[in-house]
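Undergrad: Next up, final-v8.cif (mmCIF, C-alpha atoms).
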data_start
loop_
_atom_site.label_atom_id
_atom_site.label_comp_id
_atom_site.auth_asym_id
_atom_site.auth_seq_id
_atom_site.Cartn_x
_atom_site.Cartn_y
_atom_site.Cartn_z
CA MET U 1 -25.96 7.53 7.51
CA SER U 2 -27.08 8.73 10.92
CA SER U 3 -24.45 6.58 12.63
CA LYS U 4 -21.67 8.01 10.46
CA LYS U 5 -19.44 10.78 11.64
CA GLN U 6 -20.25 13.90 9.66
CA HIS U 7 -17.18 15.30 7.98
CA ARG U 8 -17.38 19.03 7.47
CA ILE U 9 -15.87 19.84 4.12
CA PHE U 10 -16.56 23.57 3.93
CA PHE U 11 -13.87 26.14 4.36
CA GLN U 12 -14.74 29.85 4.55
CA GLY U 13 -12.85 31.65 1.77
CA PRO U 14 -9.70 30.41 0.02
CA ILE U 15 -7.79 27.38 1.30
CA PRO U 16 -4.28 28.54 2.33
CA ALA U 17 -1.22 26.67 1.03
CA GLN U 18 -0.12 26.53 4.66
CA LYS U 19 -3.12 24.38 5.56
CA ILE U 20 -2.07 21.90 2.88
CA ALA U 21 1.47 21.74 4.32
CA ASP U 22 0.10 21.31 7.84
CA ASP U 23 -2.21 18.51 6.75
CA ILE U 24 0.65 16.71 4.96
CA GLN U 25 2.88 17.11 8.01
CA LYS U 26 0.22 15.57 10.27
CA HIS U 27 0.41 12.36 8.25
CA ALA U 28 4.10 11.80 8.98
CA ALA U 29 3.01 9.92 12.10
CA LYS U 30 0.95 7.44 10.07
CA THR U 31 3.77 5.14 9.07
CA ASN U 32 1.55 2.70 7.17
CA ILE U 33 1.09 5.37 4.48
CA GLY U 34 3.23 5.08 1.35
CA ALA U 35 1.43 7.45 -1.00
CA HIS U 36 -0.51 10.70 -0.88
CA SER U 37 -2.47 12.08 -3.78
CA ILE U 38 -3.62 15.70 -3.71
CA PHE U 39 -5.85 17.64 -6.05
CA LEU U 40 -6.15 21.41 -5.79
CA GLY U 41 -8.66 23.50 -7.68
CA GLN U 42 -7.42 27.04 -8.32
CA VAL U 43 -9.62 29.91 -9.53
CA ARG U 44 -8.65 30.71 -13.11
CA ALA U 45 -8.68 34.18 -14.73
CA ASP U 46 -11.06 33.13 -17.49
CA GLU U 47 -12.47 35.70 -19.86
CA LEU U 48 -16.26 35.96 -20.09
CA ASN U 49 -17.75 38.28 -22.72
CA GLY U 50 -14.50 40.22 -22.83
CA GLU U 51 -14.37 40.66 -19.04
CA LYS U 52 -11.80 38.91 -16.86
CA VAL U 53 -12.96 36.77 -13.96
CA VAL U 54 -11.56 38.12 -10.69
CA ALA U 55 -13.17 35.73 -8.23
CA ILE U 56 -15.68 32.94 -7.78
CA GLU U 57 -18.27 33.08 -5.04
CA TYR U 58 -19.37 29.66 -3.82
CA THR U 59 -22.65 28.72 -2.20
CA ALA U 60 -23.89 25.26 -1.29
CA TYR U 61 -26.77 23.28 0.10
CA GLU U 62 -24.58 22.51 3.07
CA LEU U 63 -26.77 19.98 4.86
CA MET U 64 -27.26 17.97 1.67
CA VAL U 65 -23.53 18.11 0.88
CA GLU U 66 -22.71 16.72 4.30
CA GLU U 67 -25.23 13.91 4.02
CA LYS U 68 -24.04 13.03 0.50
CA MET U 69 -20.39 13.14 1.51
CA ALA U 70 -21.01 10.71 4.35
CA VAL U 71 -22.37 8.19 1.83
CA ILE U 72 -19.66 8.92 -0.74
CA ARG U 73 -16.91 8.55 1.87
CA GLU U 74 -18.25 5.15 2.80
CA GLN U 75 -18.32 4.07 -0.86
CA PHE U 76 -14.75 5.24 -1.42
CA PHE U 77 -13.42 3.46 1.65
CA GLU U 78 -15.11 0.29 0.42
CA LYS U 79 -13.76 0.65 -3.11
CA TYR U 80 -10.20 1.79 -2.33
CA ALA U 81 -7.73 0.70 0.36
CA LEU U 82 -7.39 4.20 1.82
CA THR U 83 -5.68 5.12 5.04
CA CYS U 84 -7.45 8.46 5.06
CA MET U 85 -9.26 10.97 2.90
CA HIS U 86 -9.72 14.69 3.54
CA ILE U 87 -11.81 17.03 1.41
CA TYR U 88 -12.20 20.79 1.69
CA HIS U 89 -14.27 23.05 -0.53
CA SER U 90 -14.43 26.81 -0.18
CA LEU U 91 -17.59 28.77 0.54
CA GLY U 92 -17.84 32.47 -0.17
CA ARG U 93 -15.44 34.46 -2.27
CA VAL U 94 -12.21 32.97 -3.67
CA ALA U 95 -10.05 35.26 -5.79
CA VAL U 96 -8.21 34.30 -8.96
CA GLY U 97 -5.05 32.33 -8.11
CA GLU U 98 -6.45 31.09 -4.81
CA ILE U 99 -7.34 27.50 -3.93
CA CYS U 100 -11.04 26.56 -3.73
CA LEU U 101 -10.86 22.75 -3.57
CA PHE U 102 -8.47 20.45 -1.72
CA VAL U 103 -8.80 16.68 -2.05
CA PHE U 104 -6.25 14.62 -0.12
CA THR U 105 -6.13 10.81 -0.18
CA SER U 106 -3.56 8.51 1.41
CA SER U 107 -2.89 4.81 1.10
CA ALA U 108 -0.18 2.17 1.55
CA HIS U 109 0.26 1.72 -2.20
CA ARG U 110 0.04 4.44 -4.80
CA ARG U 111 -2.82 3.31 -7.05
CA ASP U 112 -5.45 3.52 -4.29
CA ALA U 113 -4.59 7.09 -3.35
CA ILE U 114 -4.22 8.25 -6.98
CA ASP U 115 -7.36 6.59 -8.31
CA ALA U 116 -9.49 7.61 -5.34
CA CYS U 117 -8.34 11.22 -5.58
CA SER U 118 -9.07 11.38 -9.29
CA GLU U 119 -12.51 9.81 -8.90
CA MET U 120 -13.33 12.04 -5.93
CA VAL U 121 -12.69 15.21 -7.94
CA GLU U 122 -15.19 14.03 -10.57
CA THR U 123 -17.65 12.99 -7.86
CA ILE U 124 -17.47 16.38 -6.15
CA LYS U 125 -18.16 18.22 -9.41
CA LYS U 126 -21.01 15.88 -10.36
CA GLU U 127 -22.67 14.94 -7.10
CA LEU U 128 -22.35 17.79 -4.62
CA PRO U 129 -24.89 20.63 -4.55
CA ILE U 130 -22.38 23.47 -4.73
CA TRP U 131 -22.60 26.46 -7.05
CA GLY U 132 -19.96 28.92 -8.23
CA LYS U 133 -20.70 32.41 -9.44
CA GLU U 134 -17.93 33.99 -11.48
CA ILE U 135 -17.40 37.66 -10.72
CA CYS U 136 -15.82 39.79 -13.45
CA THR U 137 -13.76 42.96 -13.38
CA ASN U 138 -16.83 45.08 -14.16
CA GLN U 139 -18.77 43.38 -11.33
CA SER U 140 -20.92 41.45 -13.82
CA THR U 141 -21.52 37.85 -12.74
CA VAL U 142 -21.97 34.56 -14.56
CA TRP U 143 -23.02 31.31 -12.94
CA LYS U 144 -20.27 28.79 -13.49
CA GLN U 145 -20.98 25.65 -15.48
CA ASN U 146 -19.12 22.39 -14.94
CA ASN U 147 -18.11 20.17 -17.79
CA MET I 1 18.41 17.09 -25.55
CA SER I 2 21.45 19.32 -25.39
CA SER I 3 19.32 22.39 -26.13
CA LYS I 4 16.91 21.54 -23.31
CA LYS I 5 17.14 23.12 -19.92
CA GLN I 6 18.23 20.46 -17.44
CA HIS I 7 15.81 20.24 -14.55
CA ARG I 8 17.45 19.04 -11.40
CA ILE I 9 15.10 16.69 -9.64
CA PHE I 10 17.25 15.54 -6.74
CA PHE I 11 16.72 16.73 -3.23
CA GLN I 12 19.17 15.83 -0.49
CA GLY I 13 17.27 14.00 2.26
CA PRO I 14 13.50 14.19 2.90
CA ILE I 15 11.30 16.72 1.11
CA PRO I 16 9.79 19.05 3.75
CA ALA I 17 6.01 19.69 3.74
CA GLN I 18 6.92 23.38 3.83
CA LYS I 19 8.56 23.12 0.41
CA ILE I 20 5.31 21.74 -0.96
CA ALA I 21 3.35 24.67 0.50
CA ASP I 22 5.88 27.16 -0.86
CA ASP I 23 5.74 25.62 -4.33
CA ILE I 24 1.92 25.72 -4.32
CA GLN I 25 1.97 29.34 -3.15
CA LYS I 26 4.30 30.32 -6.00
CA HIS I 27 1.67 29.21 -8.50
CA ALA I 28 -0.95 31.69 -7.24
CA ALA I 29 0.50 34.20 -9.69
CA LYS I 30 -0.14 31.91 -12.66
CA THR I 31 -3.78 32.75 -13.17
CA ASN I 32 -4.22 30.50 -16.20
CA ILE I 33 -3.95 27.50 -13.88
CA GLY I 34 -7.20 25.85 -12.79
CA ALA I 35 -5.93 22.55 -11.40
CA HIS I 36 -2.93 21.18 -9.55
CA SER I 37 -2.26 17.50 -9.05
CA ILE I 38 0.30 16.38 -6.51
CA PHE I 39 1.71 12.98 -5.70
CA LEU I 40 3.82 12.39 -2.61
CA GLY I 41 5.71 9.21 -1.85
CA GLN I 42 6.14 8.63 1.88
CA VAL I 43 8.50 6.06 3.38
CA ARG I 44 6.42 3.28 4.90
CA ALA I 45 7.26 1.25 8.01
CA ASP I 46 7.13 -2.09 6.21
CA GLU I 47 8.21 -5.24 7.95
CA LEU I 48 10.99 -7.29 6.34
CA ASN I 49 11.91 -10.67 7.86
CA GLY I 50 10.39 -9.56 11.14
CA GLU I 51 12.35 -6.30 11.23
CA LYS I 52 10.73 -2.89 10.79
CA VAL I 53 11.98 -0.57 8.10
CA VAL I 54 13.19 2.69 9.67
CA ALA I 55 14.47 4.50 6.56
CA ILE I 56 15.23 4.18 2.87
CA GLU I 57 18.55 5.31 1.48
CA TYR I 58 18.36 6.46 -2.14
CA THR I 59 21.12 6.49 -4.71
CA ALA I 60 20.85 7.29 -8.41
CA TYR I 61 22.72 7.48 -11.66
CA GLU I 62 22.23 11.23 -11.54
CA LEU I 63 23.54 12.16 -14.97
CA MET I 64 21.36 9.54 -16.66
CA VAL I 65 18.31 10.59 -14.63
CA GLU I 66 18.76 14.19 -15.75
CA GLU I 67 19.12 13.25 -19.39
CA LYS I 68 16.12 10.92 -19.24
CA MET I 69 14.00 13.49 -17.43
CA ALA I 70 14.70 16.09 -20.11
CA VAL I 71 13.27 13.71 -22.74
CA ILE I 72 10.37 12.62 -20.53
CA ARG I 73 9.45 16.25 -19.75
CA GLU I 74 9.30 17.02 -23.43
CA GLN I 75 7.05 14.00 -24.06
CA PHE I 76 4.71 14.98 -21.23
CA PHE I 77 4.40 18.60 -22.40
CA GLU I 78 3.55 17.27 -25.87
CA LYS I 79 0.98 14.79 -24.57
CA TYR I 80 -0.70 16.94 -21.90
CA ALA I 81 -1.71 20.61 -21.86
CA LEU I 82 0.39 21.41 -18.81
CA THR I 83 1.17 24.85 -17.48
CA CYS I 84 4.04 23.45 -15.44
CA MET I 85 5.48 20.30 -13.96
CA HIS I 86 7.88 19.98 -11.03
CA ILE I 87 9.45 16.75 -9.85
CA TYR I 88 11.64 16.14 -6.81
CA HIS I 89 13.14 12.87 -5.66
CA SER I 90 15.19 12.43 -2.51
CA LEU I 91 18.75 11.22 -2.45
CA GLY I 92 20.33 9.85 0.70
CA ARG I 93 18.47 8.80 3.80
CA VAL I 94 14.73 9.37 4.24
CA ALA I 95 13.17 8.13 7.47
CA VAL I 96 9.79 6.42 7.82
CA GLY I 97 6.96 8.98 7.61
CA GLU I 98 9.06 11.41 5.54
CA ILE I 99 8.46 12.38 1.91
CA CYS I 100 10.83 10.97 -0.74
CA LEU I 101 8.98 11.89 -3.96
CA PHE I 102 7.04 15.02 -4.95
CA VAL I 103 5.37 15.23 -8.35
CA PHE I 104 3.48 18.47 -9.05
CA THR I 105 1.60 19.13 -12.29
CA SER I 106 -0.59 22.12 -13.15
CA SER I 107 -2.98 22.81 -16.01
CA ALA I 108 -5.96 24.93 -16.99
CA HIS I 109 -8.35 21.97 -16.83
CA ARG I 110 -8.20 19.14 -14.34
CA ARG I 111 -7.72 16.05 -16.53
CA ASP I 112 -4.34 17.17 -17.89
CA ALA I 113 -2.84 17.76 -14.45
CA ILE I 114 -4.35 14.60 -12.95
CA ASP I 115 -3.48 12.25 -15.82
CA ALA I 116 0.03 13.66 -16.24
CA CYS I 117 0.76 13.35 -12.52
CA SER I 118 -0.48 9.78 -12.40
CA GLU I 119 1.51 8.76 -15.50
CA MET I 120 4.62 10.56 -14.25
CA VAL I 121 4.64 8.56 -11.01
CA GLU I 122 4.63 5.32 -13.01
CA THR I 123 7.28 6.69 -15.37
CA ILE I 124 9.57 7.67 -12.50
CA LYS I 125 9.35 4.20 -10.95
CA LYS I 126 9.87 2.44 -14.27
CA GLU I 127 12.26 4.65 -16.21
CA LEU I 128 14.57 6.45 -13.81
CA PRO I 129 17.79 4.80 -12.60
CA ILE I 130 17.22 5.33 -8.89
CA TRP I 131 17.60 2.68 -6.20
CA GLY I 132 16.26 2.51 -2.68
CA LYS I 133 17.83 0.47 0.09
CA GLU I 134 15.54 -0.25 3.02
CA ILE I 135 17.25 0.00 6.38
CA CYS I 136 15.75 -1.97 9.24
CA THR I 137 15.76 -1.53 13.02
CA ASN I 138 18.61 -4.02 13.41
CA GLN I 139 20.63 -2.18 10.73
CA SER I 140 20.07 -5.00 8.23
CA THR I 141 19.35 -3.71 4.72
CA VAL I 142 17.26 -4.92 1.82
CA TRP I 143 17.30 -3.44 -1.67
CA LYS I 144 13.83 -2.19 -2.45
CA GLN I 145 11.90 -3.70 -5.34
CA ASN I 146 9.29 -1.77 -7.28
CA ASN I 147 6.10 -3.38 -8.47
CA MET N 1 41.46 6.71 -21.08
CA GLY N 2 39.95 3.24 -21.20
CA ILE N 3 36.35 2.59 -20.18
CA LYS N 4 34.65 4.02 -17.11
CA VAL N 5 32.46 1.39 -15.46
CA LEU N 6 29.72 2.39 -12.99
CA PHE N 7 27.89 0.06 -10.59
CA PHE N 8 24.59 0.84 -8.92
CA GLY N 9 22.15 -0.48 -6.34
CA SER N 10 22.53 -4.11 -5.30
CA VAL N 11 25.30 -4.60 -7.89
CA THR N 12 27.58 -2.61 -5.57
CA ASP N 13 27.07 -5.31 -2.90
CA ILE N 14 29.07 -7.54 -5.27
CA THR N 15 31.60 -5.05 -6.60
CA GLN N 16 32.09 -3.13 -3.33
CA VAL N 17 32.89 -0.08 -5.44
CA GLY N 18 30.64 2.28 -7.37
CA GLU N 19 33.08 3.00 -10.16
CA LEU N 20 36.24 1.67 -11.73
CA SER N 21 38.45 2.29 -14.75
CA TRP N 22 38.74 -0.64 -17.12
CA ASP N 23 41.29 -1.13 -19.86
CA TYR N 24 39.90 -0.30 -23.25
CA CYS N 25 38.12 -3.17 -24.93
CA ALA N 26 36.33 -3.33 -28.28
CA ASP N 27 32.71 -3.93 -27.25
CA THR N 28 30.36 -4.45 -24.33
CA ASN N 29 30.36 -8.25 -24.66
CA ILE N 30 34.12 -8.33 -24.11
CA LEU N 31 33.77 -5.85 -21.24
CA MET N 32 31.12 -7.94 -19.49
CA LYS N 33 33.18 -11.11 -19.92
CA GLY N 34 36.02 -9.34 -18.16
CA LEU N 35 33.76 -7.99 -15.42
CA LEU N 36 32.21 -11.43 -14.84
CA GLY N 37 35.72 -12.83 -14.50
CA ARG N 38 36.48 -10.31 -11.80
CA PHE N 39 33.04 -10.39 -10.14
CA PRO N 40 31.68 -13.91 -10.69
CA ALA N 41 28.60 -13.25 -8.50
CA LEU N 42 27.35 -10.85 -11.21
CA ALA N 43 26.36 -13.94 -13.21
CA ASN N 44 23.45 -14.52 -10.82
CA LYS N 45 22.23 -10.90 -10.94
CA LYS N 46 19.59 -9.37 -13.11
CA TYR N 47 21.00 -6.16 -14.55
CA PHE N 48 20.80 -3.74 -17.47
CA LEU N 49 23.61 -1.97 -19.24
CA ALA N 50 23.72 1.69 -20.17
CA LEU N 51 26.34 3.03 -22.56
CA ASN N 52 26.87 6.75 -22.04
CA GLN N 53 23.55 7.03 -20.20
CA GLN N 54 21.58 5.15 -22.88
CA ILE N 55 20.15 1.71 -22.14
CA ILE N 56 21.53 -0.88 -24.58
CA HIS N 57 19.96 -4.22 -25.36
CA GLU N 58 22.66 -5.81 -27.50
CA ASN N 59 26.40 -5.82 -27.95
CA CYS N 60 27.77 -2.33 -28.68
CA GLN N 61 31.13 -1.10 -29.95
CA LEU N 62 33.11 0.88 -27.39
CA LYS N 63 35.44 3.80 -27.84
CA GLN N 64 38.00 5.30 -25.50
CA GLY N 65 36.38 7.28 -22.69
CA ASP N 66 32.97 5.60 -22.91
CA THR N 67 30.97 5.06 -19.73
CA VAL N 68 29.20 1.76 -19.14
CA ALA N 69 26.81 1.41 -16.21
CA ILE N 70 25.75 -1.94 -14.70
CA MET N 71 22.34 -1.37 -13.16
CA PRO N 72 19.90 -3.68 -11.36
CA PRO N 73 16.13 -3.04 -11.80
CA TYR N 74 15.16 0.46 -10.67
CA SER N 75 13.47 1.04 -7.35
CA GLY N 76 12.99 4.77 -7.07
CA GLY N 77 9.88 6.49 -5.77
CA MET B 1 -45.46 24.03 9.57
CA GLY B 2 -46.05 23.81 5.83
CA ILE B 3 -43.23 23.13 3.40
CA LYS B 4 -39.80 24.74 3.52
CA VAL B 5 -38.64 25.62 0.01
CA LEU B 6 -34.94 26.30 -0.71
CA PHE B 7 -33.50 27.91 -3.86
CA PHE B 8 -29.89 27.68 -4.98
CA GLY B 9 -27.46 29.00 -7.56
CA SER B 10 -28.94 30.73 -10.59
CA VAL B 11 -32.47 29.88 -9.41
CA THR B 12 -32.06 32.60 -6.79
CA ASP B 13 -31.65 35.14 -9.62
CA ILE B 14 -35.33 34.42 -10.33
CA THR B 15 -36.67 34.01 -6.82
CA GLN B 16 -34.52 36.74 -5.19
CA VAL B 17 -34.71 34.74 -1.98
CA GLY B 18 -32.90 31.62 -0.88
CA GLU B 19 -35.70 30.23 1.22
CA LEU B 20 -39.43 30.56 1.78
CA SER B 21 -42.23 28.88 3.67
CA TRP B 22 -44.99 27.46 1.51
CA ASP B 23 -48.43 26.36 2.59
CA TYR B 24 -48.68 22.63 2.93
CA CYS B 25 -49.57 20.83 -0.28
CA ALA B 26 -49.95 17.13 -1.00
CA ASP B 27 -47.10 16.44 -3.40
CA THR B 28 -44.19 17.96 -5.26
CA ASN B 29 -46.13 18.35 -8.52
CA ILE B 30 -48.64 20.59 -6.77
CA LEU B 31 -45.82 22.47 -5.07
CA MET B 32 -44.00 23.11 -8.36
CA LYS B 33 -47.22 24.27 -10.03
CA GLY B 34 -47.60 26.83 -7.27
CA LEU B 35 -43.97 27.92 -7.46
CA LEU B 36 -44.16 28.27 -11.25
CA GLY B 37 -47.20 30.46 -10.77
CA ARG B 38 -45.27 32.71 -8.44
CA PHE B 39 -41.96 32.57 -10.38
CA PRO B 40 -42.90 32.06 -14.05
CA ALA B 41 -39.26 32.39 -15.21
CA LEU B 42 -38.55 29.07 -13.51
CA ALA B 43 -40.26 27.39 -16.46
CA ASN B 44 -37.22 28.21 -18.64
CA LYS B 45 -34.71 26.90 -16.10
CA LYS B 46 -33.10 23.52 -15.88
CA TYR B 47 -33.34 22.36 -12.27
CA PHE B 48 -33.48 19.33 -10.02
CA LEU B 49 -35.57 18.78 -6.93
CA ALA B 50 -34.40 17.39 -3.62
CA LEU B 51 -36.85 16.31 -0.95
CA ASN B 52 -35.23 16.35 2.49
CA GLN B 53 -31.77 16.37 0.89
CA GLN B 54 -32.52 13.45 -1.44
CA ILE B 55 -32.74 14.00 -5.18
CA ILE B 56 -36.17 13.00 -6.51
CA HIS B 57 -36.97 12.17 -10.13
CA GLU B 58 -40.75 11.85 -9.95
CA ASN B 59 -43.70 13.21 -8.07
CA CYS B 60 -43.42 12.61 -4.32
CA GLN B 61 -45.92 12.87 -1.49
CA LEU B 62 -45.19 15.67 0.96
CA LYS B 63 -45.74 15.84 4.69
CA GLN B 64 -45.77 18.81 7.04
CA GLY B 65 -42.26 20.14 7.70
CA ASP B 66 -40.68 18.65 4.58
CA THR B 67 -37.92 20.58 2.83
CA VAL B 68 -37.87 20.85 -0.95
CA ALA B 69 -34.84 22.32 -2.71
CA ILE B 70 -34.88 23.72 -6.26
CA MET B 71 -31.36 23.35 -7.62
CA PRO B 72 -29.79 24.18 -10.98
CA PRO B 73 -26.94 21.93 -12.24
CA TYR B 74 -24.04 21.84 -9.80
CA SER B 75 -20.89 23.82 -10.44
CA GLY B 76 -18.64 23.19 -7.46
CA GLY B 77 -14.93 22.54 -7.61
#
Take the structure in this file and express it as structure tokens.
TA:
Amino acid sequence: MSSKKQHRIFFQGPIPAQKIADDIQKHAAKTNIGAHSIFLGQVRADELNGEKVVAIEYTAYELMVEEKMAVIREQFFEKYALTCMHIYHSLGRVAVGEICLFVFTSSAHRRDAIDACSEMVETIKKELPIWGKEICTNQSTVWKQNN
Amino acid sequence: MSSKKQHRIFFQGPIPAQKIADDIQKHAAKTNIGAHSIFLGQVRADELNGEKVVAIEYTAYELMVEEKMAVIREQFFEKYALTCMHIYHSLGRVAVGEICLFVFTSSAHRRDAIDACSEMVETIKKELPIWGKEICTNQSTVWKQNN
Amino acid sequence: MGIKVLFFGSVTDITQVGELSWDYCADTNILMKGLLGRFPALANKKYFLALNQQIIHENCQLKQGDTVAIMPPYSGG
Amino acid sequence: MGIKVLFFGSVTDITQVGELSWDYCADTNILMKGLLGRFPALANKKYFLALNQQIIHENCQLKQGDTVAIMPPYSGG
């Protein structure tokens, strides 16, 4: 792990749509890519005890996330023929309608990018020490639970 | 079919990264969405008989594509709990490194968007009367074959 | 009106045109016989037929103004 | 140096702090006994332990300067 480049995945606040466009554009130069798969998590206006969620506030055990991601990245590049993989997760407050997770995989042929992206979303939810606190209209808060 | 809104999927030339960002941004107002899944097809610099591909030129039986897509859309909205689904396919010339296919599905929970997007990519390749002609550096051309 | 015949993809390498008007004929078998007479190289092609935008797998009756498309395997995406 | 203890997510609702220094103790069982004494509500929580960023499932020896994290189920994404 120590020899691996640490990939920072955290992004302070919401992930702007413009960043997604810029990241896609950057890959135009990689002409061995035939397929990109992107997953975006968007904060949903759920209702909790009759109160609407207005934002989620994310915290994480950042050092552990980075160490885990280095191992996970390695596993994914072994399992899938990926050209590249970029992952961003918000920290701090992300309002309803904003993007909190951005997973971006690229490969020569479509199945690698698609399958890796799908598996990575599940892996992030299951394996990374990140917590979301849902903040409601009346300022009450509920710790998010993943399913 | 006749009662269904026809969704135009064709896009003249390459699909700009900025369009993708704009389309994502438009969905910020739909606060029942929790997940977006995006697939992008990018023209790859394959080598054919020792010549590099520089572009693909797409043609389609447009009327049949539109009629088929109306039926396929209906099937997907029945099968998956989607909030929305947008599909764009290029017509005409798309150079290496440019985007020729953009599939964008959104749902409250991630599996619907991810599974629908993945299945739609396969459906497009298999079911839509669209043809790609690969154009090489020496101007020779080869009709693309899907696998 | 006759029959409108459309050609797509690599089939147009043989026909050199994307569309032509064909004298009315009773069914798709007769139409294809005529087309193969005019474009013999079609015999070596793999293709599907669509009648009025619907794929057909067997001989179909034709009526005036119908559209028949001769399409090689798809390669979109 | 002692042991650095980190709290995350809903566990911080109980501890009110995200981090504290704890006197050195020999293993994680002893550490948790001490923490449960100080934060009795932890007993009703579901949580995992990580020792130096590695999830542990059983009692582990501790050494000076180790970091132990008390983490409720993850809810990222």
Undergrad: Report as a VMD selection string the set of chain I residues whose atoms approach chain U to within 8 Å, with distances computed over only C-alpha atoms.
TA: chain I and resid 17 to 18 20 to 22 24 to 25 27 to 46 96 to 98 108 110 114 118
Undergrad: Hey, list the chain I side of the contact with chain N: 12 Å cut-off, only C-alpha atoms, answer as JSON, numbers by chain.
TA: {"I": [10, 39, 40, 41, 42, 43, 44, 56, 57, 58, 59, 60, 61, 62, 63, 64, 65, 66, 67, 68, 69, 71, 87, 88, 89, 90, 91, 92, 94, 99, 100, 101, 102, 103, 120, 121, 122, 123, 124, 125, 126, 127, 128, 129, 130, 131, 132, 133, 134, 141, 142, 143, 144, 145, 146, 147]}
Undergrad: May I have chain B as a compact mmCIF listing (two decimals) with C-alpha atoms, in the coordinates of the input, after a least-squares superposition on chain N that uses all C-alpha atoms paired in order?
TA:
# COMPACT_ATOMS: atom_id res chain seq x y z
CA MET B 1 41.46 6.72 -21.07
CA GLY B 2 39.95 3.24 -21.20
CA ILE B 3 36.36 2.59 -20.19
CA LYS B 4 34.66 4.03 -17.12
CA VAL B 5 32.49 1.38 -15.46
CA LEU B 6 29.74 2.39 -12.99
CA PHE B 7 27.88 0.06 -10.60
CA PHE B 8 24.57 0.83 -8.92
CA GLY B 9 22.13 -0.49 -6.35
CA SER B 10 22.53 -4.11 -5.30
CA VAL B 11 25.30 -4.60 -7.88
CA THR B 12 27.57 -2.62 -5.56
CA ASP B 13 27.06 -5.32 -2.90
CA ILE B 14 29.07 -7.54 -5.27
CA THR B 15 31.59 -5.06 -6.60
CA GLN B 16 32.10 -3.12 -3.33
CA VAL B 17 32.89 -0.08 -5.45
CA GLY B 18 30.65 2.27 -7.37
CA GLU B 19 33.09 3.01 -10.14
CA LEU B 20 36.25 1.68 -11.73
CA SER B 21 38.45 2.29 -14.74
CA TRP B 22 38.74 -0.63 -17.12
CA ASP B 23 41.28 -1.13 -19.87
CA TYR B 24 39.89 -0.30 -23.25
CA CYS B 25 38.11 -3.17 -24.95
CA ALA B 26 36.30 -3.33 -28.28
CA ASP B 27 32.71 -3.94 -27.26
CA THR B 28 30.37 -4.44 -24.34
CA ASN B 29 30.36 -8.24 -24.66
CA ILE B 30 34.11 -8.30 -24.11
CA LEU B 31 33.76 -5.84 -21.25
CA MET B 32 31.10 -7.94 -19.50
CA LYS B 33 33.18 -11.10 -19.92
CA GLY B 34 36.02 -9.34 -18.15
CA LEU B 35 33.78 -7.99 -15.40
CA LEU B 36 32.21 -11.41 -14.84
CA GLY B 37 35.70 -12.82 -14.48
CA ARG B 38 36.48 -10.29 -11.80
CA PHE B 39 33.03 -10.38 -10.12
CA PRO B 40 31.67 -13.91 -10.69
CA ALA B 41 28.59 -13.25 -8.51
CA LEU B 42 27.35 -10.87 -11.19
CA ALA B 43 26.36 -13.93 -13.21
CA ASN B 44 23.44 -14.52 -10.81
CA LYS B 45 22.24 -10.92 -10.95
CA LYS B 46 19.59 -9.37 -13.10
CA TYR B 47 21.01 -6.16 -14.56
CA PHE B 48 20.81 -3.75 -17.46
CA LEU B 49 23.61 -1.97 -19.24
CA ALA B 50 23.74 1.69 -20.18
CA LEU B 51 26.34 3.03 -22.56
CA ASN B 52 26.88 6.76 -22.05
CA GLN B 53 23.56 7.00 -20.18
CA GLN B 54 21.59 5.15 -22.87
CA ILE B 55 20.16 1.72 -22.16
CA ILE B 56 21.55 -0.87 -24.58
CA HIS B 57 19.96 -4.24 -25.36
CA GLU B 58 22.67 -5.80 -27.51
CA ASN B 59 26.40 -5.81 -27.96
CA CYS B 60 27.76 -2.33 -28.68
CA GLN B 61 31.12 -1.10 -29.95
CA LEU B 62 33.10 0.87 -27.39
CA LYS B 63 35.43 3.80 -27.85
CA GLN B 64 38.00 5.30 -25.51
CA GLY B 65 36.38 7.29 -22.69
CA ASP B 66 32.98 5.60 -22.92
CA THR B 67 30.99 5.05 -19.73
CA VAL B 68 29.22 1.75 -19.13
CA ALA B 69 26.81 1.40 -16.21
CA ILE B 70 25.74 -1.93 -14.69
CA MET B 71 22.32 -1.38 -13.15
CA PRO B 72 19.90 -3.69 -11.36
CA PRO B 73 16.13 -3.05 -11.79
CA TYR B 74 15.17 0.44 -10.67
CA SER B 75 13.47 1.03 -7.35
CA GLY B 76 13.00 4.77 -7.06
CA GLY B 77 9.90 6.51 -5.79
Undergrad: So how far away is atom CA of Asn44 of chain N from atom CA of Asp66 of chain N, in Å?
TA: 25.3 Å
Undergrad: May I ask for the distance between atom CA of Ile135 of chain U and atom CA of Lys52 of chain U, given in Å to one decimal place?
TA: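 About the pair atom CA of Ile135 of chain U and atom CA of Lys52 of chain U: they are 8.4 Å apart.
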Undergrad: Give me, please, the distance in Å between atom CA of Ala43 of chain B and atom CA of Val53 of chain U, quoted to one decimal.
TA: 29.0 Å
Undergrad: Just want the 12 Å neighbourhood of Thr15 of chain N, counted on all atoms listed in the file, with same-chain residues fewer than 3 positions away dropped. Output as a list in words.
TA: Val5, Leu6, Phe7, Phe8, Gly9, Ser10, Val11, Thr12, Gly18, Glu19, Leu20, Leu35, Leu36, Gly37, Arg38, Phe39, Pro40, Ala41, Leu42, Lys45, Ile70 and Met71 of chain N
Undergrad: How would you write, as a list of chain:residue names, the residues chosen by the PyMOL selection byres ((chain B and resi 1) around 10) on this structure?
TA: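 Output of the PyMOL selection byres ((chain B and resi 1) around 10): B:Gly2, B:Ile3, B:Lys4, B:Ser21, B:Trp22, B:Asp23, B:Tyr24, B:Lys63, B:Gln64, B:Gly65, B:Asp66.
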